[in-house]
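Next comes upload22.pdb, with PDB, C-alpha atoms.
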```
MODEL        1
ATOM      1  CA  MET E  27      83.576 134.126 112.680
ATOM      2  CA  THR E  28      80.081 133.204 111.597
ATOM      3  CA  ALA E  29      78.674 129.780 112.490
ATOM      4  CA  LYS E  30      79.337 128.627 108.916
ATOM      5  CA  GLU E  31      82.955 129.863 109.028
ATOM      6  CA  LEU E  32      83.523 128.121 112.378
ATOM      7  CA  HIS E  33      82.172 124.916 110.909
ATOM      8  CA  GLN E  34      84.369 125.133 107.798
ATOM      9  CA  GLU E  35      87.472 125.934 109.856
ATOM     10  CA  ALA E  36      86.851 122.975 112.187
ATOM     11  CA  PHE E  37      86.447 120.617 109.220
ATOM     12  CA  TYR E  38      89.600 122.058 107.620
ATOM     13  CA  ARG E  39      91.636 121.477 110.787
ATOM     14  CA  PHE E  40      90.240 117.978 111.339
ATOM     15  CA  ASP E  41      91.178 117.148 107.749
ATOM     16  CA  MET E  42      94.652 118.673 108.106
ATOM     17  CA  ALA E  43      95.228 116.433 111.140
ATOM     18  CA  ASN E  44      93.972 113.323 109.319
ATOM     19  CA  GLU E  45      96.058 114.121 106.236
ATOM     20  CA  GLN E  46      99.094 113.147 108.343
ATOM     21  CA  ASP E  47      97.963 109.498 108.407
ATOM     22  CA  PRO E  48     100.857 107.395 107.046
ATOM     23  CA  ASN E  49      98.372 104.629 106.128
ATOM     24  CA  THR E  50      96.760 105.018 102.717
ATOM     25  CA  GLU E  51      93.804 103.637 100.794
ATOM     26  CA  ARG E  52      93.158 103.526  97.063
ATOM     27  CA  TYR E  53      89.680 104.631  96.044
ATOM     28  CA  GLN E  54      88.442 105.314  92.510
ATOM     29  CA  GLY E  55      91.971 105.492  91.158
ATOM     30  CA  LYS E  56      93.265 107.931  93.791
ATOM     31  CA  THR E  57      95.350 107.390  96.938
ATOM     32  CA  TYR E  58      94.086 108.957 100.186
ATOM     33  CA  PRO E  59      95.362 109.088 103.754
ATOM     34  CA  LYS E  60      93.169 106.387 105.323
ATOM     35  CA  GLU E  61      91.557 108.428 108.117
ATOM     36  CA  LEU E  62      90.980 111.450 105.868
ATOM     37  CA  LEU E  63      88.980 109.275 103.478
ATOM     38  CA  TYR E  64      87.091 107.717 106.399
ATOM     39  CA  ALA E  65      86.180 111.182 107.754
ATOM     40  CA  GLN E  66      84.905 112.305 104.350
ATOM     41  CA  ARG E  67      82.832 109.133 104.044
ATOM     42  CA  MET E  68      81.332 109.747 107.496
ATOM     43  CA  THR E  69      80.261 113.275 106.526
ATOM     44  CA  GLU E  70      78.863 112.089 103.202
ATOM     45  CA  GLN E  71      76.856 109.318 104.874
ATOM     46  CA  LEU E  72      75.594 111.616 107.653
ATOM     47  CA  ASN E  73      74.424 114.190 105.100
ATOM     48  CA  ALA E  74      72.482 111.482 103.260
ATOM     49  CA  PHE E  75      71.104 109.723 106.337
ATOM     50  CA  ALA E  76      70.369 112.709 108.613
ATOM     51  CA  PRO E  77      70.555 115.983 106.635
ATOM     52  CA  GLU E  78      69.179 117.936 109.617
ATOM     53  CA  ALA E  79      71.912 116.697 111.991
ATOM     54  CA  SER E  80      72.958 118.986 114.843
ATOM     55  CA  VAL E  81      76.207 120.954 114.644
ATOM     56  CA  ALA E  82      77.754 118.748 117.350
ATOM     57  CA  LEU E  83      76.847 115.600 115.421
ATOM     58  CA  GLN E  84      78.258 116.980 112.155
ATOM     59  CA  LEU E  85      81.530 117.826 113.925
ATOM     60  CA  THR E  86      81.682 114.421 115.639
ATOM     61  CA  ALA E  87      81.166 112.513 112.405
ATOM     62  CA  ARG E  88      84.088 114.370 110.830
ATOM     63  CA  CYS E  89      86.503 113.696 113.709
ATOM     64  CA  GLN E  90      85.321 110.253 114.816
ATOM     65  CA  HIS E  91      88.677 108.590 114.007
ATOM     66  CA  ILE E  92      90.909 111.651 114.283
ATOM     67  CA  CYS E  93      94.611 110.678 114.306
ATOM     68  CA  ARG E  94      93.655 107.076 115.136
ATOM     69  CA  TRP E  95      96.955 105.731 113.784
ATOM     70  CA  GLU E  96      98.751 107.308 116.754
ATOM     71  CA  ILE E  97      97.360 104.515 118.983
ATOM     72  CA  PRO E  98      97.755 101.322 116.921
ATOM     73  CA  ARG E  99      95.745  98.217 117.804
ATOM     74  CA  ASP E 100      98.903  96.094 118.074
ATOM     75  CA  SER E 101     100.198  98.256 120.928
ATOM     76  CA  TYR E 102      97.669  96.395 123.127
ATOM     77  CA  GLU E 103      97.292  92.695 123.862
ATOM     78  CA  MET E 104      95.718  90.877 120.921
ATOM     79  CA  ASN E 105      92.766  89.521 122.887
ATOM     80  CA  ARG E 106      89.295  90.767 123.812
ATOM     81  CA  GLU E 107      90.505  92.538 126.953
ATOM     82  CA  GLY E 108      93.221  94.333 124.967
ATOM     83  CA  TYR E 109      90.730  95.263 122.257
ATOM     84  CA  LEU E 110      88.255  96.749 124.735
ATOM     85  CA  ARG E 111      90.999  98.724 126.500
ATOM     86  CA  TRP E 112      92.219 100.015 123.118
ATOM     87  CA  ARG E 113      88.692 101.146 122.190
ATOM     88  CA  GLN E 114      88.209 102.962 125.517
ATOM     89  CA  ASP E 115      91.571 104.704 125.237
ATOM     90  CA  LEU E 116      90.775 105.728 121.659
ATOM     91  CA  LYS E 117      87.523 107.392 122.734
ATOM     92  CA  LYS E 118      89.404 109.535 125.264
ATOM     93  CA  PHE E 119      92.172 110.263 122.748
ATOM     94  CA  HIS E 120      89.726 111.357 120.019
ATOM     95  CA  ALA E 121      87.802 113.534 122.481
ATOM     96  CA  LYS E 122      91.018 115.252 123.604
ATOM     97  CA  LYS E 123      92.221 115.854 120.026
ATOM     98  CA  ALA E 124      88.822 117.142 118.941
ATOM     99  CA  ALA E 125      88.545 119.443 121.979
ATOM    100  CA  GLU E 126      91.961 120.979 121.274
ATOM    101  CA  ILE E 127      90.984 121.761 117.677
ATOM    102  CA  LEU E 128      87.467 122.989 118.465
ATOM    103  CA  SER E 129      88.759 125.214 121.265
ATOM    104  CA  ALA E 130      91.443 126.702 118.982
ATOM    105  CA  VAL E 131      88.808 127.370 116.304
ATOM    106  CA  GLY E 132      86.608 129.191 118.842
ATOM    107  CA  TYR E 133      83.782 126.801 119.672
ATOM    108  CA  ASP E 134      82.018 127.198 123.028
ATOM    109  CA  GLU E 135      82.464 124.736 125.885
ATOM    110  CA  GLU E 136      78.947 123.341 125.472
ATOM    111  CA  THR E 137      79.555 122.269 121.852
ATOM    112  CA  ILE E 138      82.958 120.809 122.760
ATOM    113  CA  ALA E 139      81.346 118.841 125.613
ATOM    114  CA  GLN E 140      78.610 117.557 123.261
ATOM    115  CA  VAL E 141      81.234 116.319 120.781
ATOM    116  CA  ALA E 142      83.149 114.561 123.593
ATOM    117  CA  PHE E 143      79.869 112.970 124.777
ATOM    118  CA  LEU E 144      79.129 111.656 121.272
ATOM    119  CA  LEU E 145      82.678 110.410 120.712
ATOM    120  CA  GLY E 146      82.225 108.400 123.922
ATOM    121  CA  LYS E 147      79.162 106.699 122.310
ATOM    122  CA  LYS E 148      77.221 107.443 125.471
ATOM    123  CA  GLN E 149      73.545 106.516 125.902
ATOM    124  CA  LEU E 150      73.270 104.438 122.726
ATOM    125  CA  LYS E 151      69.587 103.658 121.994
ATOM    126  CA  LYS E 152      68.599 106.490 124.377
ATOM    127  CA  ASN E 153      70.262 109.611 122.935
ATOM    128  CA  ALA E 154      69.113 110.453 119.390
ATOM    129  CA  ASP E 155      72.455 111.932 118.263
ATOM    130  CA  THR E 156      74.470 109.020 119.682
ATOM    131  CA  GLN E 157      72.177 106.583 117.879
ATOM    132  CA  THR E 158      72.421 108.493 114.591
ATOM    133  CA  LEU E 159      76.224 108.524 114.886
ATOM    134  CA  GLU E 160      76.247 104.758 115.471
ATOM    135  CA  ASP E 161      73.944 104.211 112.485
ATOM    136  CA  VAL E 162      76.259 106.257 110.258
ATOM    137  CA  ILE E 163      79.359 104.395 111.526
ATOM    138  CA  CYS E 164      77.672 101.059 110.735
ATOM    139  CA  LEU E 165      76.538 102.238 107.290
ATOM    140  CA  VAL E 166      80.040 103.449 106.386
ATOM    141  CA  PHE E 167      81.488 100.136 107.577
ATOM    142  CA  LEU E 168      78.997  98.087 105.561
ATOM    143  CA  GLU E 169      79.363 100.140 102.377
ATOM    144  CA  HIS E 170      83.122 100.683 102.330
ATOM    145  CA  TYR E 171      84.917  98.254 104.667
ATOM    146  CA  PHE E 172      82.781  95.158 105.185
ATOM    147  CA  GLU E 173      83.819  93.244 102.084
ATOM    148  CA  ALA E 174      87.560  93.544 102.865
ATOM    149  CA  PHE E 175      86.800  92.537 106.471
ATOM    150  CA  ALA E 176      84.851  89.461 105.305
ATOM    151  CA  GLU E 177      87.765  88.306 103.141
ATOM    152  CA  LYS E 178      90.089  88.223 106.152
ATOM    153  CA  HIS E 179      87.818  86.358 108.585
ATOM    154  CA  PRO E 180      85.970  83.019 108.685
ATOM    155  CA  GLU E 181      82.330  83.164 107.647
ATOM    156  CA  ASP E 182      80.980  82.369 111.138
ATOM    157  CA  LYS E 183      82.921  85.281 112.661
ATOM    158  CA  THR E 184      81.795  87.604 109.849
ATOM    159  CA  ILE E 185      78.154  86.664 110.424
ATOM    160  CA  ALA E 186      78.527  87.187 114.191
ATOM    161  CA  ILE E 187      79.997  90.681 113.564
ATOM    162  CA  LEU E 188      77.134  91.491 111.204
ATOM    163  CA  GLN E 189      74.564  90.427 113.806
ATOM    164  CA  LYS E 190      76.293  92.554 116.457
ATOM    165  CA  THR E 191      76.400  95.522 114.045
ATOM    166  CA  TRP E 192      72.702  95.067 113.231
ATOM    167  CA  ARG E 193      71.720  95.108 116.916
ATOM    168  CA  LYS E 194      73.451  98.453 117.408
ATOM    169  CA  MET E 195      71.441 100.111 114.640
ATOM    170  CA  SER E 196      68.058 101.777 114.781
ATOM    171  CA  GLU E 197      65.240 100.556 112.543
ATOM    172  CA  LYS E 198      65.893 103.540 110.249
ATOM    173  CA  GLY E 199      69.590 102.589 110.092
ATOM    174  CA  GLN E 200      68.752  98.970 109.312
ATOM    175  CA  GLN E 201      66.447 100.042 106.461
ATOM    176  CA  ALA E 202      69.199 102.284 105.068
ATOM    177  CA  ALA E 203      71.657  99.371 105.284
ATOM    178  CA  LEU E 204      69.369  97.152 103.209
ATOM    179  CA  SER E 205      69.375  99.741 100.405
ATOM    180  CA  LEU E 206      73.185 100.155 100.238
ATOM    181  CA  PRO E 207      74.852  99.324  96.883
ATOM    182  CA  LEU E 208      76.513  96.124  98.108
ATOM    183  CA  SER E 209      78.010  93.239  96.143
ATOM    184  CA  ASP E 210      76.103  89.954  95.871
ATOM    185  CA  LYS E 211      78.568  88.359  98.288
ATOM    186  CA  ALA E 212      78.060  91.064 100.946
ATOM    187  CA  SER E 213      74.271  91.009 100.467
ATOM    188  CA  ASN E 214      74.185  87.231 100.867
ATOM    189  CA  LEU E 215      76.220  87.392 104.084
ATOM    190  CA  ILE E 216      73.802  89.971 105.491
ATOM    191  CA  LYS E 217      70.834  87.747 104.555
ATOM    192  CA  GLN E 218      72.495  84.820 106.323
ATOM    193  CA  ALA E 219      73.177  86.936 109.410
ATOM    194  CA  LEU E 220      69.578  88.162 109.595
ATOM    195  CA  SER E 221      68.051  84.735 109.066
ATOM    196  CA  ALA E 222      70.291  82.970 111.596
TER     197      ALA E 222
ENDMDL
END
```
Take the structure from the file and write it as structure tokens.
Amino acid sequence: MTAKELHQEAFYRFDMANEQDPNTERYQGKTYPKELLYAQRMTEQLNAFAPEASVALQLTARCQHICRWEIPRDSYEMNREGYLRWRQDLKKFHAKKAAEILSAVGYDEETIAQVAFLLGKKQLKKNADTQTLEDVICLVFLEHYFEAFAEKHPEDKTIAILQKTWRKMSEKGQQAALSLPLSDKASNLIKQALSA
């Protein structure tokens, strides 16, 4: 296969895996498997934010939440320790799933290792690809998921999450966030978080 064919086949298999998500989301009048829609949003945001992204980064963005529903949050203790353990286990789980698919498609060990490295969010603020991935994750969250999150949580917690999200982003990511098409409510919460 050519590099382009490898890429297309990997995306196809990632999407086939995420199509099995029993959780759904309505978007623009259509119902999607939740993680399939998330993966498509990640690719769309990466293409806009970093059109020259490496192959490994493009692959990672597409499989960042692959089959996430298989390890539900409520299977861990509902406290900070449980949350952190869940997040760590998810990173390993996503890396294993991605490696199985990429290996079956025919990717080399170096690319597979790079994807696993990025899925582990290693060397944030130091590794350019890890930072770009984090920026894209934050942008997708702010554009598509933040408002629903804010409705479920008290304002002080929402502002604290926004401040934490902002600290993870690069200056380029922060500038992109300020130009997102957000509602007045979301924009006002971000202004409060940044001025606090």
Task: Which residue of E:Leu204, E:Glu31, E:Ala36, E:Ala222 approaches Ser129 in chain E most closely, using all atoms listed in the file - done: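 For Ser129 in chain E, the nearest of the candidates is E:Ala36.
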TODO: Pull out every residue that the PyMOL selection byres ((chain E and resi 89-101) around 8) matches in the shown coordinates and put them as a list of chain:residue names.
DONE: E:Phe40, E:Ala43, E:Asn44, E:Gln46, E:Asp47, E:Pro48, E:Asn49, E:Glu61, E:Tyr64, E:Ala65, E:Leu85, E:Thr86, E:Ala87, E:Arg88, E:Tyr102, E:Glu103, E:Met104, E:Tyr109, E:Trp112, E:Leu116, E:His120, E:Lys123, E:Ala124, E:Leu145
Let me see the file: selected residues, C-alpha atoms, as an mmCIF file, in the coordinates of the input.
```cif
data_model
loop_
_atom_site.group_PDB
_atom_site.id
_atom_site.type_symbol
_atom_site.label_atom_id
_atom_site.label_comp_id
_atom_site.auth_asym_id
_atom_site.auth_seq_id
_atom_site.Cartn_x
_atom_site.Cartn_y
_atom_site.Cartn_z
ATOM 1 C CA PHE E 40 90.240 117.978 111.339
ATOM 2 C CA ALA E 43 95.228 116.433 111.140
ATOM 3 C CA ASN E 44 93.972 113.323 109.319
ATOM 4 C CA GLN E 46 99.094 113.147 108.343
ATOM 5 C CA ASP E 47 97.963 109.498 108.407
ATOM 6 C CA PRO E 48 100.857 107.395 107.046
ATOM 7 C CA ASN E 49 98.372 104.629 106.128
ATOM 8 C CA GLU E 61 91.557 108.428 108.117
ATOM 9 C CA TYR E 64 87.091 107.717 106.399
ATOM 10 C CA ALA E 65 86.180 111.182 107.754
ATOM 11 C CA LEU E 85 81.530 117.826 113.925
ATOM 12 C CA THR E 86 81.682 114.421 115.639
ATOM 13 C CA ALA E 87 81.166 112.513 112.405
ATOM 14 C CA ARG E 88 84.088 114.370 110.830
ATOM 15 C CA TYR E 102 97.669 96.395 123.127
ATOM 16 C CA GLU E 103 97.292 92.695 123.862
ATOM 17 C CA MET E 104 95.718 90.877 120.921
ATOM 18 C CA TYR E 109 90.730 95.263 122.257
ATOM 19 C CA TRP E 112 92.219 100.015 123.118
ATOM 20 C CA LEU E 116 90.775 105.728 121.659
ATOM 21 C CA HIS E 120 89.726 111.357 120.019
ATOM 22 C CA LYS E 123 92.221 115.854 120.026
ATOM 23 C CA ALA E 124 88.822 117.142 118.941
ATOM 24 C CA LEU E 145 82.678 110.410 120.712
#
```
- [ ] Using all atoms listed in the file, determine which residues lie at most 12 Å from Ser213 in chain E, disregarding the query and same-chain residues fewer than 3 positions distant; provide the list as a list in words.
- [x]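 What passes the distance filter is Leu168, Glu169, Phe172, Glu173, Ala176, Ile185, Leu188, Ala203, Leu204, Ser205, Leu206, Pro207, Leu208, Ser209, Asp210, Ile216, Lys217, Gln218, Ala219 and Leu220 of chain E.
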TODO: Mind checking which residues fall within 9 Å of Ile138 in chain E, counting only C-alpha atoms, ignoring those fewer than 3 positions away in the same chain, and posting them as a PyMOL selection string?
DONE: chain E and resi 82+121+124-125+128-129+133-135+141-143
Open item on the list: I need the output of the PyMOL selection byres ((chain E and resi 155-159) around 8) for this file as a PyMOL selection string; which residues are they?
Closed with: chain E and resi 72+76+79-80+83+87+144+147-154+160-163+195-196+199
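Atom pair CA of Gln54 in chain E / CA of Lys30 in chain E has a distance of 29.9 Å (rounded to one decimal).
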